[in-house]
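Since the structure comes first, as structure tokens, the remarks are kept for the end.
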Amino acid sequence: MELARSSDSWLSSGLITLLFLWLPEPVSGAGDAGEFHLAPLGGTAKLLCPVSLWPVAVPDVVSWLRSSPLGRSLAVHMFRDGKDREEDVMPEYKGRTNLVRDAGAGSVTLEIRDVRMEDRGLYQCQVQVANQSREGTVTLQVAVLGSDPYIHVKGYDAGWIHLVCRSVGWFPEPRAEWRDPEGRVLLSLSEAHSLDEAGLFQTAVSSRVRDSALGNVSCIIHNLALGQEKTTAMAIAAPSPEKLSSSAVALAVVLPVLGLLITVGIFLIWKQRRSKEKLLYEQMMEVENLLSDHAKEKGRLHKTHKKLRNELRLKRAAANSGWRRARLHFKAVTLDPDTAHPKLILSEDRRRVQLGDRRQPVPNNPQRFDFVVSVLGAECFTAGCHYWEVLVGAKTKWALGVCSEAVSRKGKVTASPANGHWILRLSGGNEYQALTSPQTAFRLKEPTRCVGIFLDYEAGVISFYDVTHRSHIFTFTHSFSGPLRPFFEPCLHDGGKNMAPLIICSELQKSEESTVPSLEGKGQPNGDVAVKADPSLLPTHALELREMIMSWPSHKGPALQGLKVPPF
């Protein structure tokens with residue numbers, strides 16, 4: 001039933017608080033041990049809060065908490081301001097809990113549906129009425145029906161058959177018993193119960209029966225908490241009247257086998273002596289063939305190595321060309337302070353960000369990151385090509401890239417393309433990861449000090465470039481369907497080695513290569529001489545015109561022969 005809050009006047013509130021204070025305090029030590037509740041796996045657990053309420057008292061806040069492995073208290077169910085609050089509740093409990101209040105009994109009960117093994121443990125109940133609060137603890141344990149029993153024969157001794165019955169995965173500790181073919185309880189010789197790593201009981205119980213007891217011998221394991229049991233049976237059959245003794249059978253089998261083994265051994269020794277010279281000759285020929293094959297393989301490897309070096313040279317040239325084309329779409333992006341984590345410090349021109357030592361008093365708006373120390377760019381891209389550069393300097397850790405406008409800003413977020421993140425990260429030294437799923441780890445020949453990021457929205461491409469060495473780093477491909485924004489994360493201080501900020505370049509970083517057009521020594525196939533100029537020196541309208549002409553289809557060439565293009 002839903003809890004309702006009633007505060008008609010300050011007088012009634014004061015009276016309720018007084019009645020709440022009159023209730024007896026929990027006995028010292030009870031808060032440590034708490035109450036104990038057993039619930040079946042997959043069923044519903046009903047945890048009664050050990051804090052007693054006056055029948056007319058309506059609690060203002062009811063909190064059910066669990067302790068995490070890190071010692072923090074996490075919310076299982078929150079009731080505040082007359083309604084249930086799910087924003088602070090652990091994800092695994094959302095939609096599975098319900099708070100029930102019995103006004104006549106003055107009690108509050110937490111119901112957990114679809115009980116799992118992970119729900120086991122200590123729960124803390126906190127109740128607040130006006131400005132007074134009390135708390136208590138309840139331990140939840142899950143009752144589990146284990147595996148089907150398994151019977152095996154341990155041995156045979158003087159007419160007695162020794163049997164062992166085993167089963168695993170029970171809670172609480174089960175009770176086992178044996179029954180003979182007539183249904184009578186057999187005496188158990190031993191019974192052992194132990195806990196596995198999951199905290200469940202595994203049991204082994206042994207007994208013995210006469211070999212003359214024909215029929216089914218049963219092993220029954222009971223779970224008294226659930227009122228259920230599991231049974232298995234083993235049939236004991238009468239021996240054949242014409243069956244030979246075991247020693248006679250063994251002798252009849254062993255002697256022929258032994259004679260056969262001796263014969264085979266003598267034949268193998270004789271054959272080995274006859275074929276020894278032949279084997280040595282074949283081995284010598286095999287070595288000569290291996291040496292010949294090795295010489296041929298060495299020649300093939302040399303040719304393959306030369307071919308791979310040429311392909312690598314072409315790929316590097318193509319990547320360098322791609323970086324030059326990307327720089328034609330340079331955009332000086334800025335940072336959005338409304339999305340910055342409270343510990344991040346932004347410069348006045350919103351182009352520099354670094355991690356501070358304490359949280360700043362900033363509004364907790366929905367757009368702001370509250371767990372990941374990140375900030376987004378102020379620009380929002382829905383089409384076209386865009387390129388920007390970020391100085392990372394000698395930082396030991398950072399993360400840069402592009403993310404969807406709709407990514408979650410609250411709590412811990414797993415960065416991956418499926419969640420709207422296309423991010424490159426330096427995790428220390430020269431170890432880089434592209435946050436794909438799973439992550440792609442690699443190393444660069446030399447660490448970069450400036451990273452270029454290129455976004456082609458229509459082509460679905462996000463590429464990262466090493467501006468320092470003018471080389472390609474990594475490329476994401478995806479079909480974009482919503483607004484995208486630049487992503488920046490300066491990461492933690494790394495023991496004082498990662499204090500430097502991330503700096504967004506307001507203009508293109510200067511390249512080490514010459515910016516004066518140069519003539520190549522070799523001519524083009526048509527007899528012309530290739531002219532190579534730095535794209536950063538060309539006027540903006542000339543670059544746009546060149547890009548438009550390069551994008552025209554090849555079949556329109558004849559129609560454009562008479563068109564005079566202004567010189568670049």
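Lettering and numbering for the structure tokens are positional, with chains as A, B, ... in the shown order, residues counted from 1 in each chain, and ligands counted from 1 in the shown order.
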**Request:** Quick one: everything within 10 Å of A:Asp336, counting only C-alpha atoms, minus sequence neighbours fewer than 4 positions away in the same chain. Send it as a VMD selection string.
**Result:** chain A and resid 340 346 350 to 351 367 to 368 375 to 379 486
Written file, previous selection with N, CA, C and O atoms, as a short mmCIF file (atom, residue, chain, number, x, y, z; two decimals), in the first residue's frame:
data_model
loop_
_atom_site.label_atom_id
_atom_site.label_comp_id
_atom_site.auth_asym_id
_atom_site.auth_seq_id
_atom_site.Cartn_x
_atom_site.Cartn_y
_atom_site.Cartn_z
N ALA A 340 30.54 20.94 -17.40
CA ALA A 340 31.79 20.59 -16.75
C ALA A 340 31.56 19.98 -15.37
O ALA A 340 30.70 20.43 -14.61
N LEU A 346 37.89 25.81 -15.79
CA LEU A 346 37.92 26.29 -17.17
C LEU A 346 38.49 27.70 -17.21
O LEU A 346 38.27 28.51 -16.29
N ARG A 350 37.50 29.81 -22.31
CA ARG A 350 36.89 28.50 -22.49
C ARG A 350 37.64 27.63 -23.51
O ARG A 350 37.06 26.88 -24.26
N ARG A 351 38.96 27.71 -23.48
CA ARG A 351 39.78 26.85 -24.35
C ARG A 351 40.79 26.02 -23.54
O ARG A 351 41.58 25.28 -24.12
N GLN A 367 22.59 18.84 -17.39
CA GLN A 367 23.61 18.66 -18.42
C GLN A 367 25.01 18.40 -17.84
O GLN A 367 25.92 18.03 -18.56
N ARG A 368 25.20 18.59 -16.54
CA ARG A 368 26.54 18.53 -15.95
C ARG A 368 26.93 17.11 -15.57
O ARG A 368 26.12 16.36 -15.01
N VAL A 375 34.03 17.31 -19.71
CA VAL A 375 33.32 18.50 -20.16
C VAL A 375 33.14 18.36 -21.67
O VAL A 375 33.96 17.76 -22.36
N LEU A 376 32.03 18.90 -22.18
CA LEU A 376 31.72 18.85 -23.61
C LEU A 376 32.03 20.18 -24.26
O LEU A 376 32.09 21.23 -23.61
N GLY A 377 32.20 20.14 -25.58
CA GLY A 377 32.36 21.36 -26.33
C GLY A 377 31.03 22.09 -26.48
O GLY A 377 29.96 21.50 -26.47
N ALA A 378 31.12 23.41 -26.63
CA ALA A 378 29.90 24.21 -26.77
C ALA A 378 29.25 24.01 -28.14
O ALA A 378 28.05 24.21 -28.30
N GLU A 379 30.04 23.59 -29.14
CA GLU A 379 29.51 23.42 -30.50
C GLU A 379 28.76 22.10 -30.62
O GLU A 379 29.16 21.10 -30.02
N PRO A 486 32.02 17.77 -29.15
CA PRO A 486 33.38 17.39 -28.75
C PRO A 486 33.42 16.97 -27.28
O PRO A 486 32.66 17.48 -26.46
#
**Prompt:** Looking at A:Leu214, A:Val51, A:Ala198, A:Ala204, which one is nearest to A:Ser133, with distances taken over only C-alpha atoms?
**Reply:**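 Smallest separation from A:Ser133 among the options: A:Val51.
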**Request:** as a PyMOL selection string, please: all residues of stretch 197-357 of chain A that backbone DSSP puts in helix (DSSP H, G or I).
**Result:** chain A and resi 246-327+337-339
**Prompt:** How many Å separate atom CA of A:Glu111 from atom CA of A:Val127?
**Reply:** 16.2 Å
**Prompt:** What separation in Å, quoted to one decimal, exists between atom CA of A:Gln354 and atom CA of A:Val392?
**Reply:**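 It comes out at 11.0 Å.
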**Request:** Quick one: pick out all strand (DSSP E) residues within stretch 296-409 of chain A from a backbone DSSP run and write them as a PyMOL selection string.
**Result:** chain A and resi 344-346+352-355+375-376+385-391+398-404
**Polymer residues at most 8 Å from stretch 147-154 of chain A, only C-alpha atoms, same-chain spacing of 3 or more positions, as a PyMOL selection string** = chain A and resi 161-170+219-221+230-234
Taking N, CA, C and O atoms for each residue, export the selection above as a tab-separated table (two decimals), in the first residue's frame.
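Below you can see out_15.tsv, which holds the result:
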chain	number	residue	atom	x	y	z
A	161	ILE	N	27.46	-53.56	0.41
A	161	ILE	CA	27.72	-52.58	-0.66
A	161	ILE	C	27.74	-51.20	-0.03
A	161	ILE	O	26.75	-50.76	0.57
A	162	HIS	N	28.89	-50.50	-0.12
A	162	HIS	CA	29.02	-49.16	0.45
A	162	HIS	C	28.60	-48.12	-0.61
A	162	HIS	O	29.17	-48.09	-1.71
A	163	LEU	N	27.64	-47.27	-0.26
A	163	LEU	CA	27.09	-46.28	-1.17
A	163	LEU	C	27.33	-44.86	-0.63
A	163	LEU	O	27.31	-44.64	0.58
A	164	VAL	N	27.55	-43.90	-1.55
A	164	VAL	CA	27.72	-42.49	-1.19
A	164	VAL	C	26.76	-41.67	-2.06
A	164	VAL	O	26.69	-41.85	-3.27
A	165	CYS	N	26.02	-40.76	-1.40
A	165	CYS	CA	25.06	-39.87	-2.08
A	165	CYS	C	25.59	-38.43	-1.96
A	165	CYS	O	25.87	-37.97	-0.85
A	166	ARG	N	25.67	-37.70	-3.07
A	166	ARG	CA	26.21	-36.33	-3.08
A	166	ARG	C	25.23	-35.39	-3.77
A	166	ARG	O	24.52	-35.77	-4.70
A	167	SER	N	25.24	-34.13	-3.32
A	167	SER	CA	24.43	-33.07	-3.94
A	167	SER	C	25.02	-31.73	-3.56
A	167	SER	O	25.64	-31.59	-2.49
A	168	VAL	N	24.83	-30.69	-4.39
A	168	VAL	CA	25.40	-29.36	-4.15
A	168	VAL	C	24.32	-28.30	-4.35
A	168	VAL	O	23.28	-28.55	-4.96
A	169	GLY	N	24.63	-27.07	-3.86
A	169	GLY	CA	23.78	-25.90	-4.12
A	169	GLY	C	22.57	-25.80	-3.22
A	169	GLY	O	21.51	-25.37	-3.69
A	170	TRP	N	22.67	-26.11	-1.92
A	170	TRP	CA	21.53	-26.05	-0.99
A	170	TRP	C	21.71	-24.92	0.01
A	170	TRP	O	22.83	-24.59	0.39
A	219	CYS	N	18.05	-42.27	-1.99
A	219	CYS	CA	18.69	-41.19	-1.24
A	219	CYS	C	17.79	-39.97	-1.34
A	219	CYS	O	17.46	-39.52	-2.45
A	220	ILE	N	17.38	-39.43	-0.18
A	220	ILE	CA	16.44	-38.31	-0.14
A	220	ILE	C	17.11	-37.16	0.60
A	220	ILE	O	17.63	-37.34	1.70
A	221	ILE	N	17.10	-35.96	0.00
A	221	ILE	CA	17.66	-34.76	0.62
A	221	ILE	C	16.54	-33.74	0.76
A	221	ILE	O	15.87	-33.39	-0.22
A	230	LYS	N	14.50	-33.65	-2.82
A	230	LYS	CA	14.89	-34.27	-4.09
A	230	LYS	C	15.34	-35.70	-3.79
A	230	LYS	O	16.03	-35.95	-2.79
A	231	THR	N	14.94	-36.63	-4.68
A	231	THR	CA	15.18	-38.05	-4.44
A	231	THR	C	15.81	-38.68	-5.68
A	231	THR	O	15.51	-38.30	-6.82
A	232	THR	N	16.71	-39.61	-5.43
A	232	THR	CA	17.25	-40.43	-6.51
A	232	THR	C	17.36	-41.86	-5.99
A	232	THR	O	17.43	-42.09	-4.78
A	233	ALA	N	17.35	-42.82	-6.88
A	233	ALA	CA	17.36	-44.23	-6.49
A	233	ALA	C	18.39	-45.00	-7.31
A	233	ALA	O	18.74	-44.60	-8.43
A	234	MET	N	18.85	-46.11	-6.72
A	234	MET	CA	19.80	-46.98	-7.39
A	234	MET	C	19.31	-48.42	-7.26
A	234	MET	O	18.95	-48.86	-6.16
A:Ser427 environment, 8 Å, only C-alpha atoms, sequence neighbours closer than 6 positions dropped, as an mmCIF file with all heavy atoms, in the first residue's frame:
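Wrote it out as result_28.cif, contents follow:
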data_model
loop_
_atom_site.group_PDB
_atom_site.id
_atom_site.type_symbol
_atom_site.label_atom_id
_atom_site.label_comp_id
_atom_site.auth_asym_id
_atom_site.auth_seq_id
_atom_site.Cartn_x
_atom_site.Cartn_y
_atom_site.Cartn_z
ATOM 1 N N THR A 396 50.222 12.500 -18.841
ATOM 2 C CA THR A 396 50.343 11.034 -18.822
ATOM 3 C C THR A 396 49.007 10.346 -19.028
ATOM 4 O O THR A 396 48.979 9.152 -19.342
ATOM 5 C CB THR A 396 50.938 10.579 -17.481
ATOM 6 O OG1 THR A 396 50.085 11.022 -16.403
ATOM 7 C CG2 THR A 396 52.324 11.155 -17.285
ATOM 8 N N LYS A 397 47.895 11.084 -18.855
ATOM 9 C CA LYS A 397 46.571 10.491 -19.051
ATOM 10 C C LYS A 397 45.638 11.561 -19.618
ATOM 11 O O LYS A 397 45.664 12.719 -19.187
ATOM 12 C CB LYS A 397 45.988 9.954 -17.737
ATOM 13 C CG LYS A 397 46.742 8.775 -17.147
ATOM 14 C CD LYS A 397 46.066 8.249 -15.892
ATOM 15 C CE LYS A 397 46.799 7.027 -15.346
ATOM 16 N NZ LYS A 397 46.136 6.465 -14.150
ATOM 17 N N TRP A 398 44.810 11.175 -20.578
ATOM 18 C CA TRP A 398 43.767 12.054 -21.113
ATOM 19 C C TRP A 398 42.817 11.226 -21.966
ATOM 20 O O TRP A 398 43.112 10.088 -22.318
ATOM 21 C CB TRP A 398 44.353 13.203 -21.942
ATOM 22 C CG TRP A 398 45.370 12.818 -22.959
ATOM 23 C CD1 TRP A 398 46.717 12.901 -22.870
ATOM 24 C CD2 TRP A 398 45.128 12.257 -24.274
ATOM 25 N NE1 TRP A 398 47.345 12.444 -24.007
ATOM 26 C CE2 TRP A 398 46.382 12.049 -24.889
ATOM 27 C CE3 TRP A 398 43.973 11.920 -24.973
ATOM 28 C CZ2 TRP A 398 46.511 11.515 -26.166
ATOM 29 C CZ3 TRP A 398 44.098 11.392 -26.250
ATOM 30 C CH2 TRP A 398 45.350 11.201 -26.823
ATOM 31 N N GLN A 433 44.342 3.509 -25.966
ATOM 32 C CA GLN A 433 43.193 2.652 -26.206
ATOM 33 C C GLN A 433 42.134 3.427 -26.979
ATOM 34 O O GLN A 433 41.808 4.565 -26.618
ATOM 35 C CB GLN A 433 42.559 2.131 -24.902
ATOM 36 C CG GLN A 433 43.430 1.203 -24.089
ATOM 37 C CD GLN A 433 44.148 1.929 -22.992
ATOM 38 O OE1 GLN A 433 43.669 2.940 -22.517
ATOM 39 N NE2 GLN A 433 45.309 1.437 -22.588
#
**Prompt:** By how many Å are atom CA of A:Gly411 and atom CA of A:Arg425 apart?
**Reply:**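 If I compute the distance from atom CA of A:Gly411 to atom CA of A:Arg425, I get 19.8 Å.
Excluding A:Trp178 itself and same-chain residues fewer than 2 positions from it, the residues having an atom within 8 Å of it are Ala176, Asp180, Val185, Leu186, Leu187, Ser188, Ser207, Val217, Ser218, Cys219 and Ile220 of chain A, counting only C-alpha atoms.
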**Message:** List the spatial neighbours of A:Arg116 as a count of residues only - criterion: any atom at most 9 Å away, only C-alpha atoms, same-chain residues fewer than 6 positions off excluded.
**Reply:** 5
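Each of A:Trp64, A:Tyr93, A:Phe476, A:Phe171 was compared to A:Cys125 using only C-alpha atoms, and A:Trp64 turns out to be the nearest.
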Excluding same-chain residues fewer than 4 positions from A:Pro342, what lies within 7 Å of it counting only C-alpha atoms, as a PDB file with N, CA, C and O atoms, in the first residue's frame?
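Just written: around.pdb:
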ATOM      1  N   ARG A 359      35.753  20.413  -5.266  1.00  0.00           N
ATOM      2  CA  ARG A 359      34.539  20.690  -6.049  1.00  0.00           C
ATOM      3  C   ARG A 359      34.187  22.171  -5.952  1.00  0.00           C
ATOM      4  O   ARG A 359      34.275  22.773  -4.879  1.00  0.00           O
ATOM      5  N   GLN A 360      33.768  22.760  -7.039  1.00  0.00           N
ATOM      6  CA  GLN A 360      33.384  24.155  -7.077  1.00  0.00           C
ATOM      7  C   GLN A 360      31.876  24.301  -6.873  1.00  0.00           C
ATOM      8  O   GLN A 360      31.107  23.402  -7.229  1.00  0.00           O
ATOM      9  N   VAL A 362      28.972  24.996  -8.164  1.00  0.00           N
ATOM     10  CA  VAL A 362      28.283  25.221  -9.433  1.00  0.00           C
ATOM     11  C   VAL A 362      26.906  24.567  -9.372  1.00  0.00           C
ATOM     12  O   VAL A 362      26.695  23.616  -8.625  1.00  0.00           O
TER      13      VAL A 362
END
